[in-house]
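Contents: one structure, followed by commentary.
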Amino acid sequence: MTSSDLEIVVEDPTAPEADSPSVVDTRTIEIAVSLLLLALAVVLGYDNWRTGIAWDSTGPQPGYFPFYLSVILGGASLYGLVTTLVAHGAAAETFVSRAQLRRVLLVFVPTALFCLAMQYLGIYVASFVLIAGFMRLVGKIALWKSLLTAFLFTAIMFVTFDLAFDVIMPKGPLEAAFGY
Amino acid sequence: MEAFGLLLHGFAVLMTWKILLLMMVGLVLGIFVGVLPGLGGPNGVAILLPLTFAMDPTSAIVMLSCIYWGALFGGAITSILFNIPGEAWSVATTFDGYPMAQQGKAAEALTAAFTSSFIGSLVAVLLITFLSPTISSFALKFGPPEFFAVYLLTFCSFVGLGREAKHKTVISMALGLLIAGVGMDTVSGTLRMTFGSTDLLRGINFLVAVIGLFGISEILLTMEERLALRGHAAKISLRVVLSVWKDLPKYWATLLRSSFIGCWLGITPGGAIAASFMGYNLAKRFSKDPESFGKGRIEGVFAPETAAHASGTAALLPMLALGIPGSGTAAILLGGLMVWGLNPGPLLFVEHKDFVWGLIASMYLGNVVGLVLVLTTVPIFASILRVPFAAVAPMIVVSCAIGAYAIQNAMFDIWLMLGFGVAGYVFKKIGIPLAPFTLALVLGSRAEDAFRLAMIGSGGSVGIFWSNGLVGAITTLAITLLFWPVIDKVFTGIGQVLRPARAQIIGPVKVSRVPRQSSTE
């Protein structure tokens with residue numbers, strides 16, 4: 001394969017290194033998830049038992065169906081928990097490495113902040129900030145490109161949803177200033 | 001030929017500028033979604049669903065299903081040019097597609113992929129056209145016990161036939177059914193599992209969960225990967241297209257076999273991935289020269305693509321005829337149906353003829369237009385991959401948020417979406433499948449209603465599920481499928497004792513990375 005065949009090349013300079021140390025292994029996560037699901041099953045099961053799992057004159061009470069589902073969920077989680085605990089000798093598989101976690105948080109944290117900002121700034125301003133900020137700070141893309149892309153995308157969304165399709169989105173002080 | 005007349009009526013419904021335009025928009029968006037890393041069929045449909053809220057149901061379903069066809073076509077582009085399967089069912093396409101591209105035959109490989117996708121879909125659409133009216137009119141006679149039995153069959157076949165660890169499928173399904181039950185109980189009006197929260201009164205919306213599970217979690221997963229890529233650029237000329245088409249009749253057996261496998265596996269849930277591998281493996285097995293597979297053989301592109309598309313399309317058959325989706329994407333489309341105010345199920349064929357036949361006609365038209373579109377625009381779409389992910393990721397996040405908020409105008413849903421995003425990320429990494437969850441979530445309340453009505457009818461006796469031949473047969477089949485792995489093991493065990501020479505199991509295809517637990521030899 002000569003290099004002249006390749007015409008599209010995209011580099012990823014901040015890619016997670018393959019030899020990055022493991023933060024947590026899959027087994028630990030499996031146990032944690034099984035325990036969480038088990039707890040959820042108990043809580044939901046209890047709530048449904050309180051609602052009523054018996055029969056009355058009109059048929060099964062509202063809690064009947066979900067109660068037995070909680071039992072199934074609890075049973076399956078317990079089975080998962082036990083099999084994971086028993087399979088002790090299995091090689092520890094990395095759930096997420098340090099470099100991977102860093103990259104995941106790099107999107108997750110801005111996304112969470114965006115959700116928070118949306119409540120105060122409205123969705124459009126928050127979107128603009130998210131896209132421009134992410135492109136500039138995480139993607140290291142030129143500032144003017146980031147701002148332009150963010151502005152265009154947000155504007156298109158505003159026109160599509162608010163003006164063309166009449167879908168009401170949360171708005172903040174900026175939109176209010178323009179009378180929307 | 002009543003179906004044929006109705007189909008013509010369907011085409012008449014489609015022939016407005018507005019719908020044709022929406023169709024093109026859907027296809028382009030779909031190919032876009034299929035090509036971009038970190039997005040695919042179900043994600044694309046889930047994220048773009050809010051666009052359709054203000055449309056009439058027919059325009060909406062036409063656009064959404066075109067997004068789906070587009071995504072299916074788009075997945076093949078990255079598989080062949082970049083060796084990156086956009087979807088799990090495109091993995092088998094990379095086996096021979098990428099070697100072909102390396103040998104400078106990218107255009108042939110792409111033409112083969114698009115053409116076979118088209119053929120696969122066409123066979124499945126023909127099946128839908130002529131089979132679904134019959135099935136739905138048969139299903140009109142169903143009462144609550146029959147419906148519950150069919151739901152049970154769907155759930156059980158996921159557990160019994162799925163490749164994931166059984167308890168994980170059960171967890172995924174039970175969780176989905178439970179979450180579907182949160183909120184006001186539709187029969188008695190009692191509040192369930194709300195824990196006094198006013199936000200949970202409404203229940204947890206299916207689409208919010210799907211946007212989180214498929215959209216947000218996919219972004220997180222994609223970020224983990226190395227996003228660098230290098231690939232071949234390709235331009236398809238008319239000469240290449242014609243030369244591939246001229247050879248097409250030579251491969252009729254492969255195409256037919258793969259279409260059949262695809263249709264069969266598509267109707268049973270979760271089949272597209274298995275179908276593509278099975279299509280590929282069988283083509284290899286029946287070939288005179290199996291050694292040449294994996295080194296750039298055009299048949300190796302035809303076989304999996306035909307099967308995957310036949311399966312992806314056939315998954316809509318049970319959704320239309322019975323209201324039971326055959327795949328994750330079909331489940332999302334079904335969720336859309338409810339948003340647009342339609343009641344999925346066999347009555348759809350009676351009450352909403354325009355809708356159903358418009359959709360079926362759009363499958364024909366969408367695939368033809370899609371084929372022409374991808375053949376002519378491959379270079380443009382391949383260059384989309386040059387757009388850095390740092391620009392794509394926040395836009396997808398924003399689209400997800402808009403979608404999640406638009407459904408019920410609730411800020412709480414944004415946080416739910418984020419929560420489901422994290423859950424989806426963890427579930428995918430530890431192998432809890434998301435398709436059963438999606439299906440359970442969308443079918444949950446109807447399954448429960450059917451169960452309760454059946455139980456009320458019988459006065460609480462489970463015997464109602466065996467009260468006549470039909471319902472008894474479905475229920476028995478469901479339970480057989482649930483325990484299929486055990487039954488299968490017993491039978492192979494007996495078979496091996498009787499004929500030790502034929503020890504090799506010709507069972508379901510072995511899919512990479514997921515070893516079958518039963519293969520102990």
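Residue names in the structure tokens use chain letters A, B, ... in the order shown, residue numbers from 1 in each chain, and ligand numbers from 1 in the order shown.
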Give me, as a short mmCIF file (atom, residue, chain, number, x, y, z; two decimals) with N, CA, C and O atoms, in the first residue's frame, the contact residues of chain B against chain A at a cut-off of 6 Å, counting only C-alpha atoms.
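Output file iface.cif follows:
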data_model
loop_
_atom_site.label_atom_id
_atom_site.label_comp_id
_atom_site.auth_asym_id
_atom_site.auth_seq_id
_atom_site.Cartn_x
_atom_site.Cartn_y
_atom_site.Cartn_z
N HIS B 167 -28.35 -13.59 31.84
CA HIS B 167 -28.85 -12.78 32.96
C HIS B 167 -28.76 -11.29 32.64
O HIS B 167 -29.56 -10.50 33.13
N ILE B 171 -31.76 -8.70 32.91
CA ILE B 171 -31.64 -7.45 33.67
C ILE B 171 -32.12 -6.28 32.81
O ILE B 171 -32.95 -5.47 33.23
N ALA B 174 -35.99 -6.48 32.32
CA ALA B 174 -36.77 -6.21 33.53
C ALA B 174 -36.68 -4.73 33.89
O ALA B 174 -37.68 -4.10 34.27
N LEU B 178 -39.77 -2.15 34.15
CA LEU B 178 -40.02 -1.43 35.40
C LEU B 178 -40.08 0.07 35.15
O LEU B 178 -40.98 0.75 35.63
N LEU B 220 -19.68 9.44 24.61
CA LEU B 220 -18.69 9.10 25.63
C LEU B 220 -17.83 7.93 25.16
O LEU B 220 -16.60 7.95 25.30
N MET B 223 -15.35 8.95 22.38
CA MET B 223 -14.22 9.73 22.85
C MET B 223 -13.10 8.84 23.39
O MET B 223 -11.95 9.23 23.40
N GLU B 224 -13.48 7.66 23.86
CA GLU B 224 -12.47 6.76 24.41
C GLU B 224 -11.54 6.21 23.35
O GLU B 224 -10.44 5.79 23.63
N ARG B 226 -9.34 5.90 19.83
CA ARG B 226 -8.44 6.72 19.05
C ARG B 226 -9.19 7.14 17.79
O ARG B 226 -9.71 6.30 17.07
N LEU B 227 -9.29 8.43 17.57
CA LEU B 227 -10.15 8.88 16.48
C LEU B 227 -9.39 9.14 15.19
O LEU B 227 -9.95 9.62 14.22
N ALA B 228 -8.11 8.84 15.18
CA ALA B 228 -7.36 9.05 13.95
C ALA B 228 -7.82 8.05 12.91
O ALA B 228 -8.17 6.93 13.23
N LEU B 229 -7.86 8.45 11.67
CA LEU B 229 -8.22 7.49 10.64
C LEU B 229 -7.52 7.84 9.35
O LEU B 229 -7.16 8.98 9.08
N ARG B 230 -7.27 6.80 8.59
CA ARG B 230 -6.76 7.05 7.25
C ARG B 230 -7.51 6.11 6.32
O ARG B 230 -7.81 4.97 6.66
N GLY B 231 -7.83 6.63 5.19
CA GLY B 231 -8.62 5.79 4.31
C GLY B 231 -8.47 6.20 2.87
O GLY B 231 -7.72 7.11 2.53
N HIS B 232 -9.21 5.50 2.04
CA HIS B 232 -9.10 5.70 0.61
C HIS B 232 -10.23 6.60 0.15
O HIS B 232 -11.36 6.47 0.62
N ALA B 233 -9.92 7.47 -0.74
CA ALA B 233 -10.99 8.25 -1.32
C ALA B 233 -11.47 7.51 -2.56
O ALA B 233 -10.69 6.83 -3.22
N ALA B 390 -14.10 17.02 17.57
CA ALA B 390 -14.31 18.07 18.57
C ALA B 390 -15.38 19.06 18.12
O ALA B 390 -15.97 19.76 18.94
N ALA B 391 -15.65 19.11 16.83
CA ALA B 391 -16.72 19.97 16.36
C ALA B 391 -18.04 19.21 16.33
O ALA B 391 -19.10 19.77 16.60
N PRO B 394 -19.93 18.34 20.34
CA PRO B 394 -20.85 19.27 21.02
C PRO B 394 -22.15 19.49 20.25
O PRO B 394 -23.20 19.70 20.86
N ILE B 456 -57.80 -10.55 34.34
CA ILE B 456 -59.14 -10.20 34.80
C ILE B 456 -60.16 -11.11 34.12
O ILE B 456 -61.07 -11.64 34.74
#
* Could you give me the residues within segment 130-199 of chain B that DSSP places in alpha helix (DSSP H), as a PyMOL selection string? => chain B and resi 130-139+144-161+166-181
For N, CA and C atoms, I'd like the residues from the last selection saved as a CSV table (one decimal), in the first residue's frame.
chain,number,residue,atom,x,y,z
B,130,PHE,N,-46.6,-8.0,1.0
B,130,PHE,CA,-47.5,-9.0,0.8
B,130,PHE,C,-47.9,-9.8,2.0
B,131,LEU,N,-47.0,-9.8,3.0
B,131,LEU,CA,-47.2,-10.6,4.2
B,131,LEU,C,-47.9,-9.8,5.3
B,132,SER,N,-47.5,-8.5,5.5
B,132,SER,CA,-48.0,-7.8,6.7
B,132,SER,C,-49.5,-7.6,6.7
B,133,PRO,N,-50.2,-7.3,5.5
B,133,PRO,CA,-51.6,-7.2,5.6
B,133,PRO,C,-52.3,-8.5,6.1
B,134,THR,N,-51.8,-9.7,5.7
B,134,THR,CA,-52.3,-10.9,6.1
B,134,THR,C,-52.1,-11.1,7.6
B,135,ILE,N,-50.9,-10.9,8.0
B,135,ILE,CA,-50.6,-11.0,9.5
B,135,ILE,C,-51.5,-10.1,10.3
B,136,SER,N,-51.6,-8.9,9.9
B,136,SER,CA,-52.3,-7.9,10.7
B,136,SER,C,-53.8,-8.3,10.7
B,137,SER,N,-54.4,-8.8,9.6
B,137,SER,CA,-55.8,-9.1,9.6
B,137,SER,C,-56.0,-10.3,10.5
B,138,PHE,N,-55.0,-11.2,10.5
B,138,PHE,CA,-55.1,-12.4,11.4
B,138,PHE,C,-55.0,-11.9,12.9
B,139,ALA,N,-54.1,-10.9,13.1
B,139,ALA,CA,-53.9,-10.4,14.5
B,139,ALA,C,-55.1,-9.6,15.0
B,144,PRO,N,-56.6,-9.9,24.6
B,144,PRO,CA,-55.4,-9.7,25.5
B,144,PRO,C,-54.5,-10.9,25.7
B,145,PRO,N,-55.1,-12.1,25.9
B,145,PRO,CA,-54.1,-13.2,26.2
B,145,PRO,C,-53.2,-13.4,25.0
B,146,GLU,N,-53.7,-13.4,23.8
B,146,GLU,CA,-52.9,-13.6,22.6
B,146,GLU,C,-51.8,-12.5,22.5
B,147,PHE,N,-52.2,-11.2,22.7
B,147,PHE,CA,-51.2,-10.2,22.7
B,147,PHE,C,-50.2,-10.4,23.7
B,148,PHE,N,-50.6,-10.7,24.9
B,148,PHE,CA,-49.5,-10.9,25.9
B,148,PHE,C,-48.6,-12.0,25.5
B,149,ALA,N,-49.2,-13.1,25.0
B,149,ALA,CA,-48.4,-14.2,24.5
B,149,ALA,C,-47.4,-13.8,23.5
B,150,VAL,N,-47.8,-12.9,22.6
B,150,VAL,CA,-46.9,-12.4,21.5
B,150,VAL,C,-45.8,-11.6,22.1
B,151,TYR,N,-46.1,-10.7,23.1
B,151,TYR,CA,-45.1,-9.9,23.8
B,151,TYR,C,-44.1,-10.8,24.5
B,152,LEU,N,-44.7,-11.8,25.1
B,152,LEU,CA,-43.8,-12.8,25.9
B,152,LEU,C,-42.9,-13.5,24.9
B,153,LEU,N,-43.4,-13.8,23.7
B,153,LEU,CA,-42.6,-14.5,22.7
B,153,LEU,C,-41.4,-13.6,22.3
B,154,THR,N,-41.7,-12.3,22.1
B,154,THR,CA,-40.7,-11.3,21.8
B,154,THR,C,-39.6,-11.3,22.8
B,155,PHE,N,-40.0,-11.1,24.1
B,155,PHE,CA,-39.1,-11.0,25.2
B,155,PHE,C,-38.3,-12.3,25.3
B,156,CYS,N,-39.0,-13.4,25.3
B,156,CYS,CA,-38.3,-14.7,25.5
B,156,CYS,C,-37.3,-14.9,24.4
B,157,SER,N,-37.6,-14.6,23.1
B,157,SER,CA,-36.7,-14.9,22.0
B,157,SER,C,-35.4,-14.0,22.2
B,158,PHE,N,-35.6,-12.8,22.8
B,158,PHE,CA,-34.4,-12.0,23.0
B,158,PHE,C,-33.5,-12.8,24.0
B,159,VAL,N,-34.1,-13.3,25.1
B,159,VAL,CA,-33.2,-14.0,26.1
B,159,VAL,C,-32.6,-15.2,25.5
B,160,GLY,N,-33.5,-16.0,24.8
B,160,GLY,CA,-33.1,-17.3,24.4
B,160,GLY,C,-32.1,-17.3,23.2
B,161,LEU,N,-32.3,-16.4,22.3
B,161,LEU,CA,-31.5,-16.4,21.0
B,161,LEU,C,-30.4,-15.3,21.0
B,166,LYS,N,-27.2,-14.5,29.4
B,166,LYS,CA,-28.6,-14.5,29.6
B,166,LYS,C,-29.1,-13.6,30.7
B,167,HIS,N,-28.3,-13.6,31.8
B,167,HIS,CA,-28.8,-12.8,33.0
B,167,HIS,C,-28.8,-11.3,32.6
B,168,LYS,N,-27.8,-10.9,31.8
B,168,LYS,CA,-27.7,-9.5,31.4
B,168,LYS,C,-28.9,-9.1,30.5
B,169,THR,N,-29.3,-10.0,29.6
B,169,THR,CA,-30.5,-9.7,28.8
B,169,THR,C,-31.7,-9.5,29.7
B,170,VAL,N,-31.8,-10.4,30.7
B,170,VAL,CA,-32.9,-10.4,31.6
B,170,VAL,C,-32.9,-9.1,32.4
B,171,ILE,N,-31.8,-8.7,32.9
B,171,ILE,CA,-31.6,-7.4,33.7
B,171,ILE,C,-32.1,-6.3,32.8
B,172,SER,N,-31.6,-6.2,31.6
B,172,SER,CA,-31.9,-5.1,30.7
B,172,SER,C,-33.4,-5.1,30.5
B,173,MET,N,-34.0,-6.2,30.3
B,173,MET,CA,-35.5,-6.3,30.0
B,173,MET,C,-36.3,-5.9,31.2
B,174,ALA,N,-36.0,-6.5,32.3
B,174,ALA,CA,-36.8,-6.2,33.5
B,174,ALA,C,-36.7,-4.7,33.9
B,175,LEU,N,-35.5,-4.2,33.7
B,175,LEU,CA,-35.3,-2.8,34.0
B,175,LEU,C,-36.1,-1.9,33.1
B,176,GLY,N,-36.1,-2.3,31.9
B,176,GLY,CA,-37.0,-1.5,30.9
B,176,GLY,C,-38.4,-1.6,31.2
B,177,LEU,N,-38.9,-2.8,31.6
B,177,LEU,CA,-40.3,-2.9,31.9
B,177,LEU,C,-40.7,-2.1,33.2
B,178,LEU,N,-39.8,-2.2,34.1
B,178,LEU,CA,-40.0,-1.4,35.4
B,178,LEU,C,-40.1,0.1,35.1
B,179,ILE,N,-39.1,0.6,34.4
B,179,ILE,CA,-39.1,2.0,34.1
B,179,ILE,C,-40.3,2.4,33.3
B,180,ALA,N,-40.8,1.5,32.5
B,180,ALA,CA,-42.0,1.9,31.7
B,180,ALA,C,-43.2,2.0,32.7
B,181,GLY,N,-43.1,1.3,33.8
B,181,GLY,CA,-44.2,1.3,34.8
B,181,GLY,C,-44.3,2.5,35.7
* Residues of segment 216-449 of chain B in strand (DSSP E), written as a ChimeraX atom specification -> /B:229-232
* Counting only C-alpha atoms, what is within 12 Å of Gly323 of chain B, bar same-chain residues fewer than 3 positions away, as a ChimeraX atom specification? -> /B:132,135-136,139-140,147,150-151,154,315-320,326,330-335,337-338,342-349,439,442-443,446-447
* Asked: At what distance in Å, to one decimal, does atom CA of Ala92 of chain B lie from atom CA of Val301 of chain B?
  ->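 Value for the atom CA of Val301 of chain B-atom CA of Ala92 of chain B distance: 8.0 Å.
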